[in-house]
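Asks: As input, take protein-v1.tsv (TSV, C-alpha atoms and all ligand atoms):
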```tsv
chain	number	residue	atom	x	y	z
Y	839	MET	CA	45.55	126.90	93.24
Y	840	ARG	CA	42.94	124.71	94.96
Y	841	ILE	CA	39.44	124.73	93.50
Y	842	TYR	CA	36.71	124.84	96.13
Y	843	SER	CA	32.98	124.16	95.84
Y	844	ARG	CA	31.11	127.11	97.28
Y	845	ILE	CA	27.41	127.27	98.13
Y	846	LEU	CA	25.87	130.02	95.99
Y	847	GLY	CA	22.26	129.53	97.03
Y	848	THR	CA	19.94	127.27	99.02
Y	849	GLY	CA	16.27	126.32	98.68
Y	850	SER	CA	13.68	123.99	100.15
Y	851	TYR	CA	10.12	122.80	99.80
Y	852	LEU	CA	7.59	121.33	102.21
Y	853	PRO	CA	4.28	119.88	101.00
Y	854	ALA	CA	1.23	121.90	102.08
Y	855	ARG	CA	-0.33	119.18	104.25
Y	856	ARG	CA	1.02	119.60	107.80
Y	857	LEU	CA	0.10	117.19	110.56
Y	858	SER	CA	0.78	117.98	114.20
Y	859	ASN	CA	1.32	115.02	116.51
Y	860	ALA	CA	-2.28	115.42	117.65
Y	861	ASP	CA	-3.52	115.33	114.02
Y	862	LEU	CA	-1.49	112.18	113.32
Y	863	ALA	CA	-2.56	110.54	116.61
Y	864	ALA	CA	-6.22	111.19	115.69
Y	865	GLU	CA	-5.75	109.60	112.23
Y	866	LEU	CA	-3.93	106.59	113.68
Y	867	ALA	CA	-6.60	106.15	116.37
Y	868	GLN	CA	-9.15	105.54	113.60
Y	869	GLN	CA	-7.10	102.46	112.64
Y	870	GLY	CA	-6.77	101.33	116.27
Y	871	VAL	CA	-3.15	102.53	116.61
Y	872	GLU	CA	-2.47	104.40	119.86
Y	873	THR	CA	0.08	107.17	120.26
Y	874	SER	CA	0.24	110.63	121.81
Y	875	ASP	CA	1.83	114.04	121.42
Y	876	ASP	CA	3.55	113.54	124.80
Y	877	TRP	CA	5.20	110.23	123.79
Y	878	ILE	CA	6.40	111.54	120.42
Y	879	VAL	CA	7.77	114.82	121.80
Y	880	GLU	CA	9.49	113.20	124.76
Y	881	ARG	CA	11.20	110.38	122.78
Y	882	THR	CA	11.96	112.25	119.54
Y	883	GLY	CA	11.44	116.03	119.80
Y	884	ILE	CA	9.05	115.85	116.81
Y	885	ARG	CA	5.93	118.03	116.98
Y	886	ALA	CA	4.77	118.05	113.34
Y	887	ARG	CA	5.59	116.77	109.85
Y	888	HIS	CA	4.42	117.43	106.29
Y	889	PHE	CA	3.01	114.76	103.97
Y	890	ALA	CA	2.97	115.03	100.18
Y	891	ALA	CA	-0.31	115.04	98.24
Y	892	ASP	CA	-1.18	111.83	96.34
Y	893	GLU	CA	-0.41	113.44	92.99
Y	894	GLN	CA	3.05	114.68	94.06
Y	895	GLY	CA	6.20	112.69	93.31
Y	896	CYS	CA	9.69	113.00	94.75
Y	897	SER	CA	10.76	114.89	91.61
Y	898	ASP	CA	8.03	117.52	92.16
Y	899	LEU	CA	9.32	118.32	95.65
Y	900	ALA	CA	12.90	118.30	94.38
Y	901	THR	CA	12.07	120.65	91.51
Y	902	GLU	CA	10.45	123.20	93.84
Y	903	ALA	CA	13.49	123.18	96.14
Y	904	ALA	CA	15.82	123.44	93.12
Y	905	ARG	CA	13.93	126.46	91.73
Y	906	GLN	CA	14.34	128.26	95.07
Y	907	ALA	CA	18.05	127.44	95.25
Y	908	LEU	CA	18.59	128.65	91.66
Y	909	SER	CA	16.74	131.86	92.42
Y	910	ALA	CA	18.80	132.43	95.59
Y	911	ALA	CA	21.96	131.85	93.53
Y	912	GLY	CA	20.76	134.24	90.80
Y	913	LEU	CA	21.12	131.51	88.16
Y	914	ALA	CA	18.94	129.88	85.51
Y	915	ALA	CA	18.63	126.11	85.07
Y	916	GLN	CA	20.72	126.36	81.89
Y	917	ASP	CA	23.67	127.61	83.97
Y	918	ILE	CA	23.88	124.25	85.79
Y	919	ASP	CA	26.20	121.54	84.45
Y	920	LEU	CA	25.54	118.77	87.00
Y	921	ILE	CA	22.41	117.60	88.86
Y	922	ILE	CA	22.55	115.07	91.70
Y	923	VAL	CA	19.51	114.02	93.71
Y	924	ALA	CA	19.81	112.09	96.97
Y	925	THR	CA	16.72	109.99	97.57
Y	926	SER	CA	15.44	106.59	98.69
Y	927	THR	CA	11.88	107.28	97.53
Y	928	PRO	CA	12.16	107.94	93.77
Y	929	ASP	CA	9.12	108.46	91.53
Y	930	MET	CA	9.98	105.27	89.62
Y	931	VAL	CA	12.48	102.41	89.77
Y	932	PHE	CA	14.05	104.22	86.81
Y	933	PRO	CA	14.73	106.70	85.31
Y	934	SER	CA	16.35	108.71	88.08
Y	935	VAL	CA	14.67	111.58	89.89
Y	936	ALA	CA	17.58	113.79	88.78
Y	937	THR	CA	16.71	113.37	85.09
Y	938	MET	CA	13.06	114.20	85.86
Y	939	VAL	CA	14.11	117.32	87.76
Y	940	GLN	CA	16.35	118.34	84.87
Y	941	HIS	CA	13.40	118.07	82.47
Y	942	LYS	CA	10.97	119.89	84.80
Y	943	LEU	CA	13.48	122.73	85.17
Y	944	GLY	CA	13.64	123.00	81.39
Y	945	ALA	CA	17.31	122.15	81.12
Y	946	ALA	CA	18.85	119.32	79.11
Y	947	GLY	CA	22.24	117.86	78.37
Y	948	CYS	CA	24.18	118.00	81.63
Y	949	PRO	CA	24.81	114.81	83.64
Y	950	ALA	CA	22.01	114.00	86.09
Y	951	PHE	CA	21.87	111.02	88.46
Y	952	ASP	CA	20.60	109.86	91.85
Y	953	VAL	CA	22.59	108.85	94.91
Y	954	GLN	CA	21.08	106.34	97.31
Y	955	ALA	CA	22.53	106.44	100.80
Y	956	VAL	CA	19.25	106.87	102.72
Y	957	CYS	CA	19.55	109.53	105.47
Y	958	SER	CA	23.23	110.18	104.60
Y	959	GLY	CA	22.27	110.70	100.96
Y	960	PHE	CA	22.72	114.47	100.89
Y	961	ILE	CA	26.18	114.20	102.48
Y	962	TYR	CA	27.13	111.58	99.86
Y	963	ALA	CA	25.69	113.68	97.01
Y	964	LEU	CA	27.47	116.84	98.18
Y	965	THR	CA	30.75	114.93	98.39
Y	966	VAL	CA	30.37	113.54	94.86
Y	967	ALA	CA	29.52	117.01	93.50
Y	968	ASP	CA	32.50	118.50	95.35
Y	969	SER	CA	34.83	115.87	93.85
Y	970	MET	CA	33.51	116.57	90.34
Y	971	ILE	CA	33.94	120.31	90.83
Y	972	GLN	CA	37.46	119.87	92.22
Y	973	SER	CA	38.41	117.62	89.28
Y	974	GLY	CA	37.15	120.24	86.80
Y	975	SER	CA	34.36	118.09	85.35
Y	976	ALA	CA	31.62	120.40	86.68
Y	977	LYS	CA	31.45	124.12	87.44
Y	978	ARG	CA	27.94	124.67	88.77
Y	979	ALA	CA	26.09	121.81	90.43
Y	980	LEU	CA	22.59	121.45	91.76
Y	981	VAL	CA	22.58	119.05	94.72
Y	982	ILE	CA	19.17	118.07	96.08
Y	983	GLY	CA	17.83	115.85	98.86
Y	984	SER	CA	14.17	114.90	98.29
Y	985	GLU	CA	11.99	112.30	99.98
Y	986	ILE	CA	8.42	111.09	100.31
Y	987	PHE	CA	8.87	108.69	103.21
Y	988	SER	CA	5.10	108.71	103.87
Y	989	ARG	CA	4.83	106.29	100.90
Y	990	ILE	CA	7.02	103.64	102.59
Y	991	LEU	CA	5.65	103.86	106.15
Y	992	ASP	CA	3.52	101.23	107.83
Y	993	PHE	CA	0.81	103.30	109.53
Y	994	LYS	CA	-0.01	100.33	111.73
Y	995	ASP	CA	3.51	100.41	113.23
Y	996	ARG	CA	3.56	103.24	115.78
Y	997	THR	CA	7.26	102.73	116.49
Y	998	THR	CA	8.15	104.07	113.01
Y	999	CYS	CA	5.25	105.93	111.39
Y	1000	VAL	CA	5.37	108.86	113.84
Y	1001	LEU	CA	9.02	109.62	113.03
Y	1002	PHE	CA	9.10	110.61	109.37
Y	1003	GLY	CA	7.95	113.40	107.06
Y	1004	ASP	CA	8.23	114.51	103.42
Y	1005	GLY	CA	10.19	117.40	101.93
Y	1006	ALA	CA	13.11	118.54	99.82
Y	1007	GLY	CA	16.14	120.80	100.13
Y	1008	ALA	CA	18.70	121.94	97.56
Y	1009	VAL	CA	21.95	123.83	97.15
Y	1010	VAL	CA	23.71	125.32	94.14
Y	1011	LEU	CA	27.47	124.76	94.29
Y	1012	GLU	CA	29.96	126.73	92.21
Y	1013	ALA	CA	33.68	126.26	91.55
Y	1014	SER	CA	35.59	129.03	93.32
Y	1015	ASP	CA	39.08	129.97	94.47
Y	1016	GLN	CA	37.45	130.98	97.78
Y	1017	PRO	CA	36.53	128.31	100.40
Y	1018	GLY	CA	34.10	126.45	100.12
Y	1019	ILE	CA	33.82	122.88	101.17
Y	1020	LEU	CA	36.87	122.33	103.37
Y	1021	ALA	CA	36.70	118.59	104.06
Y	1022	THR	CA	34.46	115.58	103.54
Y	1023	ASP	CA	34.29	112.16	105.17
Y	1024	LEU	CA	32.18	109.18	104.04
Y	1025	HIS	CA	31.67	105.67	105.45
Y	1026	ALA	CA	29.42	102.62	105.12
Y	1027	ASP	CA	29.10	99.22	106.77
Y	1028	GLY	CA	26.65	96.87	105.07
Y	1029	LYS	CA	26.46	94.43	107.96
Y	1030	TYR	CA	23.84	96.69	109.56
Y	1031	LYS	CA	21.39	96.24	106.65
Y	1032	ASP	CA	18.63	94.71	108.77
Y	1033	ILE	CA	18.38	97.34	111.53
Y	1034	LEU	CA	16.89	99.87	109.10
Y	1035	CYS	CA	15.52	98.81	105.73
Y	1036	VAL	CA	12.59	98.52	103.34
Y	1037	PRO	CA	12.91	94.87	102.35
Y	1038	GLY	CA	10.23	94.73	99.63
Y	1039	HIS	CA	11.14	95.15	95.98
Y	1040	VAL	CA	9.68	94.92	92.50
Y	1041	ASN	CA	9.86	91.36	91.19
Y	1042	ARG	CA	8.34	89.87	88.06
Y	1043	GLY	CA	5.44	92.32	87.96
Y	1044	GLY	CA	4.67	92.27	91.69
Y	1045	ILE	CA	6.18	93.25	95.04
Y	1046	LEU	CA	8.32	90.62	96.76
Y	1047	GLY	CA	8.72	91.16	100.52
Y	1048	ASP	CA	7.25	93.86	102.75
Y	1049	PRO	CA	7.54	97.28	101.03
Y	1050	VAL	CA	7.49	99.31	104.27
Y	1051	LEU	CA	10.16	100.67	106.59
Y	1052	LYS	CA	11.47	98.32	109.31
Y	1053	MET	CA	13.66	99.62	112.11
Y	1054	ASP	CA	15.33	98.46	115.30
Y	1055	GLY	CA	15.16	101.88	116.97
Y	1056	GLN	CA	17.51	101.21	119.85
Y	1057	ALA	CA	20.23	99.66	117.65
Y	1058	VAL	CA	19.98	102.65	115.30
Y	1059	PHE	CA	20.20	105.06	118.21
Y	1060	LYS	CA	23.40	103.52	119.63
Y	1061	LEU	CA	25.14	103.31	116.28
Y	1062	ALA	CA	24.16	106.84	115.23
Y	1063	VAL	CA	25.51	108.57	118.32
Y	1064	GLY	CA	28.96	106.98	117.96
Y	1065	VAL	CA	29.52	107.44	114.24
Y	1066	LEU	CA	28.28	111.04	114.16
Y	1067	GLU	CA	30.97	112.09	116.61
Y	1068	ASP	CA	33.65	110.10	114.74
Y	1069	THR	CA	32.85	111.53	111.31
Y	1070	ALA	CA	32.67	115.12	112.57
Y	1071	ARG	CA	36.11	114.71	114.16
Y	1072	ALA	CA	37.50	113.16	110.97
Y	1073	SER	CA	36.38	116.14	108.85
Y	1074	LEU	CA	37.73	118.62	111.40
Y	1075	ALA	CA	41.10	116.83	111.43
Y	1076	LYS	CA	41.32	116.86	107.60
Y	1077	ALA	CA	40.78	120.65	107.64
Y	1078	ASN	CA	43.09	121.23	110.63
Y	1079	LEU	CA	40.21	122.71	112.61
Y	1080	THR	CA	38.73	121.90	116.03
Y	1081	ASP	CA	35.29	121.77	117.67
Y	1082	ALA	CA	35.70	125.41	118.65
Y	1083	ASP	CA	35.83	126.47	114.98
Y	1084	ILE	CA	32.28	125.24	114.26
Y	1085	ASP	CA	29.75	128.07	114.05
Y	1086	TRP	CA	26.79	125.82	113.20
Y	1087	LEU	CA	26.19	122.09	113.51
Y	1088	ILE	CA	23.58	120.94	110.98
Y	1089	PRO	CA	23.02	117.26	111.72
Y	1090	HIS	CA	20.60	114.87	110.06
Y	1091	GLN	CA	17.29	115.57	111.80
Y	1092	ALA	CA	16.26	112.11	113.01
Y	1093	ASN	CA	15.72	112.51	116.70
Y	1094	ILE	CA	16.49	115.42	119.05
Y	1095	ARG	CA	18.13	113.10	121.57
Y	1096	ILE	CA	20.64	111.79	119.01
Y	1097	MET	CA	21.33	115.38	117.89
Y	1098	GLN	CA	21.80	116.72	121.43
Y	1099	SER	CA	24.10	113.88	122.31
Y	1100	THR	CA	26.28	114.58	119.25
Y	1101	ALA	CA	26.42	118.31	120.01
Y	1102	LYS	CA	27.46	117.54	123.58
Y	1103	LYS	CA	30.27	115.25	122.42
Y	1104	LEU	CA	31.51	118.04	120.15
Y	1105	LYS	CA	31.26	120.48	123.09
Y	1106	LEU	CA	28.78	122.65	121.21
Y	1107	GLY	CA	26.00	124.51	123.00
Y	1108	ALA	CA	22.37	124.03	121.94
Y	1109	ASP	CA	22.51	127.53	120.42
Y	1110	LYS	CA	25.03	126.27	117.81
Y	1111	MET	CA	22.84	123.50	116.42
Y	1112	VAL	CA	20.15	124.00	113.76
Y	1113	VAL	CA	17.01	122.09	114.77
Y	1114	THR	CA	14.09	121.52	112.40
Y	1115	VAL	CA	13.16	117.97	113.45
Y	1116	ASP	CA	10.45	119.48	115.66
Y	1117	GLN	CA	8.62	120.92	112.61
Y	1118	HIS	CA	9.65	118.51	109.81
Y	1119	GLY	CA	10.13	115.12	111.48
Y	1120	ASN	CA	12.80	112.93	109.87
Y	1121	THR	CA	12.85	113.71	106.14
Y	1122	SER	CA	15.83	111.40	105.47
Y	1123	ALA	CA	18.06	112.76	102.67
Y	1124	ALA	CA	16.11	116.03	102.65
Y	1125	SER	CA	16.63	116.85	106.31
Y	1126	ILE	CA	20.08	118.45	106.15
Y	1127	PRO	CA	19.45	120.77	103.16
Y	1128	LEU	CA	16.02	121.66	104.64
Y	1129	ALA	CA	17.66	122.63	107.94
Y	1130	LEU	CA	20.44	124.50	106.12
Y	1131	ASP	CA	17.98	126.51	104.03
Y	1132	THR	CA	15.82	127.28	107.07
Y	1133	ALA	CA	18.77	128.78	108.98
Y	1134	VAL	CA	20.10	130.64	105.92
Y	1135	ARG	CA	16.70	132.21	105.26
Y	1136	ASP	CA	16.04	133.21	108.89
Y	1137	GLY	CA	19.45	134.90	109.02
Y	1138	ARG	CA	21.17	132.66	111.56
Y	1139	ILE	CA	23.75	131.38	109.07
Y	1140	GLN	CA	25.95	134.16	107.75
Y	1141	ARG	CA	28.57	134.26	104.97
Y	1142	GLY	CA	32.04	133.32	106.23
Y	1143	GLN	CA	30.76	131.01	108.97
Y	1144	THR	CA	31.97	127.42	109.37
Y	1145	LEU	CA	29.28	124.75	109.10
Y	1146	MET	CA	29.45	121.06	110.03
Y	1147	LEU	CA	26.88	119.00	108.10
Y	1148	GLU	CA	26.62	115.35	109.10
Y	1149	GLY	CA	24.34	112.41	108.51
Y	1150	VAL	CA	23.75	108.76	109.29
Y	1151	GLY	CA	21.28	106.36	107.76
Y	1152	GLY	CA	20.33	102.96	106.45
Y	1153	GLY	CA	23.06	100.74	105.11
Y	1154	PHE	CA	24.51	101.78	107.48
Y	1155	THR	CA	26.01	104.87	105.90
Y	1156	TRP	CA	27.41	107.95	107.58
Y	1157	GLY	CA	29.52	110.98	106.81
Y	1158	SER	CA	30.14	114.69	107.16
Y	1159	VAL	CA	30.90	117.81	105.14
Y	1160	LEU	CA	32.73	120.72	106.74
Y	1161	LEU	CA	32.38	123.97	104.85
Y	1162	ARG	CA	32.84	127.71	104.92
Y	1163	TYR	CA	29.51	129.26	103.93
E	1201	LIG	N1	3.49	106.03	120.77
E	1201	LIG	C1	3.31	105.50	122.00
E	1201	LIG	N2	4.05	104.49	122.48
E	1201	LIG	C2	4.99	103.99	121.67
E	1201	LIG	C3	5.21	104.46	120.38
E	1201	LIG	C4	4.42	105.53	119.94
E	1201	LIG	N3	4.56	106.10	118.72
E	1201	LIG	N4	6.21	103.78	119.82
E	1201	LIG	C5	6.62	102.87	120.74
E	1201	LIG	N5	5.87	102.99	121.86
E	1201	LIG	C6	5.98	102.22	123.09
E	1201	LIG	C7	6.53	100.83	122.84
E	1201	LIG	O1	5.50	99.95	122.45
E	1201	LIG	C8	7.08	100.49	124.21
E	1201	LIG	O2	6.01	100.10	125.02
E	1201	LIG	P1	6.21	98.89	126.09
E	1201	LIG	O3	7.29	99.38	127.00
E	1201	LIG	O4	4.87	98.78	126.70
E	1201	LIG	O5	6.63	97.74	125.25
E	1201	LIG	C9	7.59	101.84	124.71
E	1201	LIG	O6	6.94	102.84	123.93
E	1201	LIG	C10	9.09	102.01	124.57
E	1201	LIG	O7	9.47	101.60	123.26
E	1201	LIG	P2	10.95	101.66	122.80
E	1201	LIG	O8	11.04	101.21	121.38
E	1201	LIG	O9	11.81	100.98	123.81
E	1201	LIG	O10	11.20	103.22	122.89
E	1201	LIG	P3	12.54	104.00	122.80
E	1201	LIG	O11	12.75	104.78	124.01
E	1201	LIG	O12	13.67	103.15	122.27
E	1201	LIG	O13	12.19	105.05	121.66
E	1201	LIG	C11	12.65	105.47	119.37
E	1201	LIG	C12	11.90	104.60	120.35
E	1201	LIG	C13	12.13	106.88	119.46
E	1201	LIG	C14	12.41	104.96	117.94
E	1201	LIG	C15	14.14	105.42	119.72
E	1201	LIG	O14	14.60	104.10	119.80
E	1201	LIG	C16	14.96	106.15	118.74
E	1201	LIG	O15	14.91	107.37	118.68
E	1201	LIG	N6	15.80	105.47	117.97
E	1201	LIG	C17	16.54	106.08	116.92
E	1201	LIG	C18	15.87	105.74	115.69
E	1201	LIG	C19	15.74	106.89	114.76
E	1201	LIG	O16	15.87	108.03	115.04
E	1201	LIG	N7	15.44	106.49	113.56
E	1201	LIG	C20	15.24	107.39	112.52
E	1201	LIG	C21	15.60	106.71	111.29
E	1201	LIG	S1	17.26	106.32	111.28
E	1201	LIG	C22	18.02	107.63	110.87
E	1201	LIG	O17	17.48	108.56	110.38
E	1201	LIG	C23	19.43	107.60	111.17
```
Since I need it in another form, could you write the structure as structure tokens?
Replies:
Amino acid sequence: MRIYSRILGTGSYLPARRLSNADLAAELAQQGVETSDDWIVERTGIRARHFAADEQGCSDLATEAARQALSAAGLAAQDIDLIIVATSTPDMVFPSVATMVQHKLGAAGCPAFDVQAVCSGFIYALTVADSMIQSGSAKRALVIGSEIFSRILDFKDRTTCVLFGDGAGAVVLEASDQPGILATDLHADGKYKDILCVPGHVNRGGILGDPVLKMDGQAVFKLAVGVLEDTARASLAKANLTDADIDWLIPHQANIRIMQSTAKKLKLGADKMVVTVDQHGNTSAASIPLALDTAVRDGRIQRGQTLMLEGVGGGFTWGSVLLRY
């Protein structure tokens, strides 16, 4: 009998500090950087984002989301036998955020590690957890996407700093004979490294290179639209399903125009796509589990429905997870 990974519970966390576009525009204006609510809404669909407090680390956001997911699943931290965190903004170079989350939750012993695939990170992490559950090496996994992108933004670069926000989302997966994750599909192509990257890194006690996000927005846009359709179709084909079987599309929340274009290619109406980019901005690896938890908690997503989760991000990386909730 096939072993499936089933979502038992979801959770999320947004830092308290919320900035509308007008709030951000006013802060940027003080540094001589000009932007407007109209420009941001029209080009991206973003209306607000949350920024973490100075004393918060990625593991703090991740732990809050994990606690909610555990509570929704009716489990304690000790019931978990695998923790994976998807992030590009860890507290430290090492150890991993996952080990810090494990400690903050008061659990110890189970494997815990980070996955770094930028905005596709949660899709990668979910796929790894699913493989470990299917192989029998884990039974109950905590999979988290957590980011503090505000720490790697250049607030003098208006073409990037208006796009991102901070947050975390989490799911608890359990081995089950009931579906479950139906199909997964992962890809990467490292030749696109330079169109979206943070080139700076720790070197001999200092930072070598610019430690802020660099992006060629138009190149990213073109690439994202194509690969998101391809990966969704690949997962559907693996599960012998079609566009018409999707109840909810939960794409990486980067830009409403990329998301709408993907939904259109999959012949899905706007009412079948979960949108949180307007309120969260782009939270990278956290965006998909944040959107999932939002729609589970407001009652849109119901047990038995078919969900298409898909992401694309720096690397470039991209992929999808098709599941029965
Ligand atoms: N406020 C006001 N004006 C701005 C801003 C801003 N925040 N940013 C750029 N502009 C100006 C530019 O200076 C330019 O002015 P000019 O014509 O006088 O030179 C004008 O707006 C148009 O700039 P473009 O870069 O051509 O704008 P574009 O329509 O391409 O939109 C955007 C930029 C939103 C970044 C778009 O390219 C995009 O959505 N790309 C996808 C990138 C993305 O979503 N990245 C997220 C990370 S990647 C990921 O998650 C997969």
Asks: What are the nearest atom pairs, with distances in Å to one decimal, for all residues of chain Y that come at most 9 Å from ligand LIG 1201 (chain E), using all atoms listed in the file, set out by chain and rising residue number as CSV?
Replies:
```
residue,atom,partner,partner_atom,distance
Y:Ala863,CA,E:LIG1201,N1,8.6
Y:Val871,CA,E:LIG1201,N1,8.6
Y:Glu872,CA,E:LIG1201,N1,6.2
Y:Thr873,CA,E:LIG1201,N1,3.6
Y:Ser874,CA,E:LIG1201,N1,5.7
Y:Asp875,CA,E:LIG1201,N1,8.2
Y:Asp876,CA,E:LIG1201,C1,8.5
Y:Trp877,CA,E:LIG1201,C1,5.4
Y:Ile878,CA,E:LIG1201,N3,6.0
Y:Glu880,CA,E:LIG1201,C13,8.7
Y:Arg881,CA,E:LIG1201,C13,4.9
Y:Thr882,CA,E:LIG1201,C13,5.4
Y:Val956,CA,E:LIG1201,O17,8.0
Y:Cys957,CA,E:LIG1201,O17,5.4
Y:Ser958,CA,E:LIG1201,C23,8.0
Y:Asp995,CA,E:LIG1201,N4,7.9
Y:Arg996,CA,E:LIG1201,N3,4.2
Y:Thr997,CA,E:LIG1201,N4,3.6
Y:Thr998,CA,E:LIG1201,C14,6.6
Y:Cys999,CA,E:LIG1201,N3,7.4
Y:Val1000,CA,E:LIG1201,N3,5.7
Y:Leu1001,CA,E:LIG1201,C20,6.6
Y:Phe1002,CA,E:LIG1201,C20,7.6
Y:Leu1034,CA,E:LIG1201,S1,6.8
Y:Met1053,CA,E:LIG1201,N7,7.2
Y:Asp1054,CA,E:LIG1201,O14,7.3
Y:Gly1055,CA,E:LIG1201,O14,3.6
Y:Gln1056,CA,E:LIG1201,O14,4.1
Y:Ala1057,CA,E:LIG1201,N6,7.3
Y:Val1058,CA,E:LIG1201,C17,5.1
Y:Phe1059,CA,E:LIG1201,C17,4.0
Y:Lys1060,CA,E:LIG1201,C17,7.8
Y:Leu1061,CA,E:LIG1201,C23,8.8
Y:Ala1062,CA,E:LIG1201,C23,6.3
Y:His1090,CA,E:LIG1201,O17,7.0
Y:Gln1091,CA,E:LIG1201,O17,7.2
Y:Ala1092,CA,E:LIG1201,O16,4.6
Y:Asn1093,CA,E:LIG1201,O16,4.8
Y:Ile1094,CA,E:LIG1201,O15,8.2
Y:Arg1095,CA,E:LIG1201,O15,7.2
Y:Ile1096,CA,E:LIG1201,O15,7.2
Y:Asn1120,CA,E:LIG1201,O17,6.4
Y:Thr1121,CA,E:LIG1201,O17,8.1
Y:Ser1122,CA,E:LIG1201,O17,5.9
Y:Ala1123,CA,E:LIG1201,O17,8.8
Y:Gly1149,CA,E:LIG1201,C23,7.4
Y:Val1150,CA,E:LIG1201,C23,4.9
Y:Gly1151,CA,E:LIG1201,C23,4.1
Y:Gly1152,CA,E:LIG1201,S1,6.6
Y:Phe1154,CA,E:LIG1201,C23,8.6
Y:Thr1155,CA,E:LIG1201,C23,8.9
Y:Trp1156,CA,E:LIG1201,C23,8.8
```
Asks: Kindly save the residues from that selection, with C-alpha atoms included, as a PDB file, in the frame of the given file.
Replies:
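Once everything was written out, this is out17.pdb:
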```
ATOM      1  CA  ALA Y 863      -2.560 110.540 116.610  1.00  0.00           C
ATOM      2  CA  VAL Y 871      -3.150 102.530 116.610  1.00  0.00           C
ATOM      3  CA  GLU Y 872      -2.470 104.400 119.860  1.00  0.00           C
ATOM      4  CA  THR Y 873       0.080 107.170 120.260  1.00  0.00           C
ATOM      5  CA  SER Y 874       0.240 110.630 121.810  1.00  0.00           C
ATOM      6  CA  ASP Y 875       1.830 114.040 121.420  1.00  0.00           C
ATOM      7  CA  ASP Y 876       3.550 113.540 124.800  1.00  0.00           C
ATOM      8  CA  TRP Y 877       5.200 110.230 123.790  1.00  0.00           C
ATOM      9  CA  ILE Y 878       6.400 111.540 120.420  1.00  0.00           C
ATOM     10  CA  GLU Y 880       9.490 113.200 124.760  1.00  0.00           C
ATOM     11  CA  ARG Y 881      11.200 110.380 122.780  1.00  0.00           C
ATOM     12  CA  THR Y 882      11.960 112.250 119.540  1.00  0.00           C
ATOM     13  CA  VAL Y 956      19.250 106.870 102.720  1.00  0.00           C
ATOM     14  CA  CYS Y 957      19.550 109.530 105.470  1.00  0.00           C
ATOM     15  CA  SER Y 958      23.230 110.180 104.600  1.00  0.00           C
ATOM     16  CA  ASP Y 995       3.510 100.410 113.230  1.00  0.00           C
ATOM     17  CA  ARG Y 996       3.560 103.240 115.780  1.00  0.00           C
ATOM     18  CA  THR Y 997       7.260 102.730 116.490  1.00  0.00           C
ATOM     19  CA  THR Y 998       8.150 104.070 113.010  1.00  0.00           C
ATOM     20  CA  CYS Y 999       5.250 105.930 111.390  1.00  0.00           C
ATOM     21  CA  VAL Y1000       5.370 108.860 113.840  1.00  0.00           C
ATOM     22  CA  LEU Y1001       9.020 109.620 113.030  1.00  0.00           C
ATOM     23  CA  PHE Y1002       9.100 110.610 109.370  1.00  0.00           C
ATOM     24  CA  LEU Y1034      16.890  99.870 109.100  1.00  0.00           C
ATOM     25  CA  MET Y1053      13.660  99.620 112.110  1.00  0.00           C
ATOM     26  CA  ASP Y1054      15.330  98.460 115.300  1.00  0.00           C
ATOM     27  CA  GLY Y1055      15.160 101.880 116.970  1.00  0.00           C
ATOM     28  CA  GLN Y1056      17.510 101.210 119.850  1.00  0.00           C
ATOM     29  CA  ALA Y1057      20.230  99.660 117.650  1.00  0.00           C
ATOM     30  CA  VAL Y1058      19.980 102.650 115.300  1.00  0.00           C
ATOM     31  CA  PHE Y1059      20.200 105.060 118.210  1.00  0.00           C
ATOM     32  CA  LYS Y1060      23.400 103.520 119.630  1.00  0.00           C
ATOM     33  CA  LEU Y1061      25.140 103.310 116.280  1.00  0.00           C
ATOM     34  CA  ALA Y1062      24.160 106.840 115.230  1.00  0.00           C
ATOM     35  CA  HIS Y1090      20.600 114.870 110.060  1.00  0.00           C
ATOM     36  CA  GLN Y1091      17.290 115.570 111.800  1.00  0.00           C
ATOM     37  CA  ALA Y1092      16.260 112.110 113.010  1.00  0.00           C
ATOM     38  CA  ASN Y1093      15.720 112.510 116.700  1.00  0.00           C
ATOM     39  CA  ILE Y1094      16.490 115.420 119.050  1.00  0.00           C
ATOM     40  CA  ARG Y1095      18.130 113.100 121.570  1.00  0.00           C
ATOM     41  CA  ILE Y1096      20.640 111.790 119.010  1.00  0.00           C
ATOM     42  CA  ASN Y1120      12.800 112.930 109.870  1.00  0.00           C
ATOM     43  CA  THR Y1121      12.850 113.710 106.140  1.00  0.00           C
ATOM     44  CA  SER Y1122      15.830 111.400 105.470  1.00  0.00           C
ATOM     45  CA  ALA Y1123      18.060 112.760 102.670  1.00  0.00           C
ATOM     46  CA  GLY Y1149      24.340 112.410 108.510  1.00  0.00           C
ATOM     47  CA  VAL Y1150      23.750 108.760 109.290  1.00  0.00           C
ATOM     48  CA  GLY Y1151      21.280 106.360 107.760  1.00  0.00           C
ATOM     49  CA  GLY Y1152      20.330 102.960 106.450  1.00  0.00           C
ATOM     50  CA  PHE Y1154      24.510 101.780 107.480  1.00  0.00           C
ATOM     51  CA  THR Y1155      26.010 104.870 105.900  1.00  0.00           C
ATOM     52  CA  TRP Y1156      27.410 107.950 107.580  1.00  0.00           C
TER      53      TRP Y1156
END
```
Asks: Can you list, as a list in words, every protein, DNA or RNA residue that comes within 8 Å of Ile845 (chain Y) when you count all atoms listed in the file, leaving out same-chain residues fewer than 6 positions away?
Replies: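 Contacts, with the query itself left out: Val1009, Val1010, Leu1011, Glu1012, Gly1018 and Tyr1163 of chain Y.
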Asks: Which residue out of Y:Ser975, Y:Thr901, Y:Thr1069, Y:Ser988 has the minimum interatomic distance to Thr1022 (chain Y) when only C-alpha atoms are used?
Replies: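 Closest to Thr1022 (chain Y) of all the choices is Y:Thr1069.
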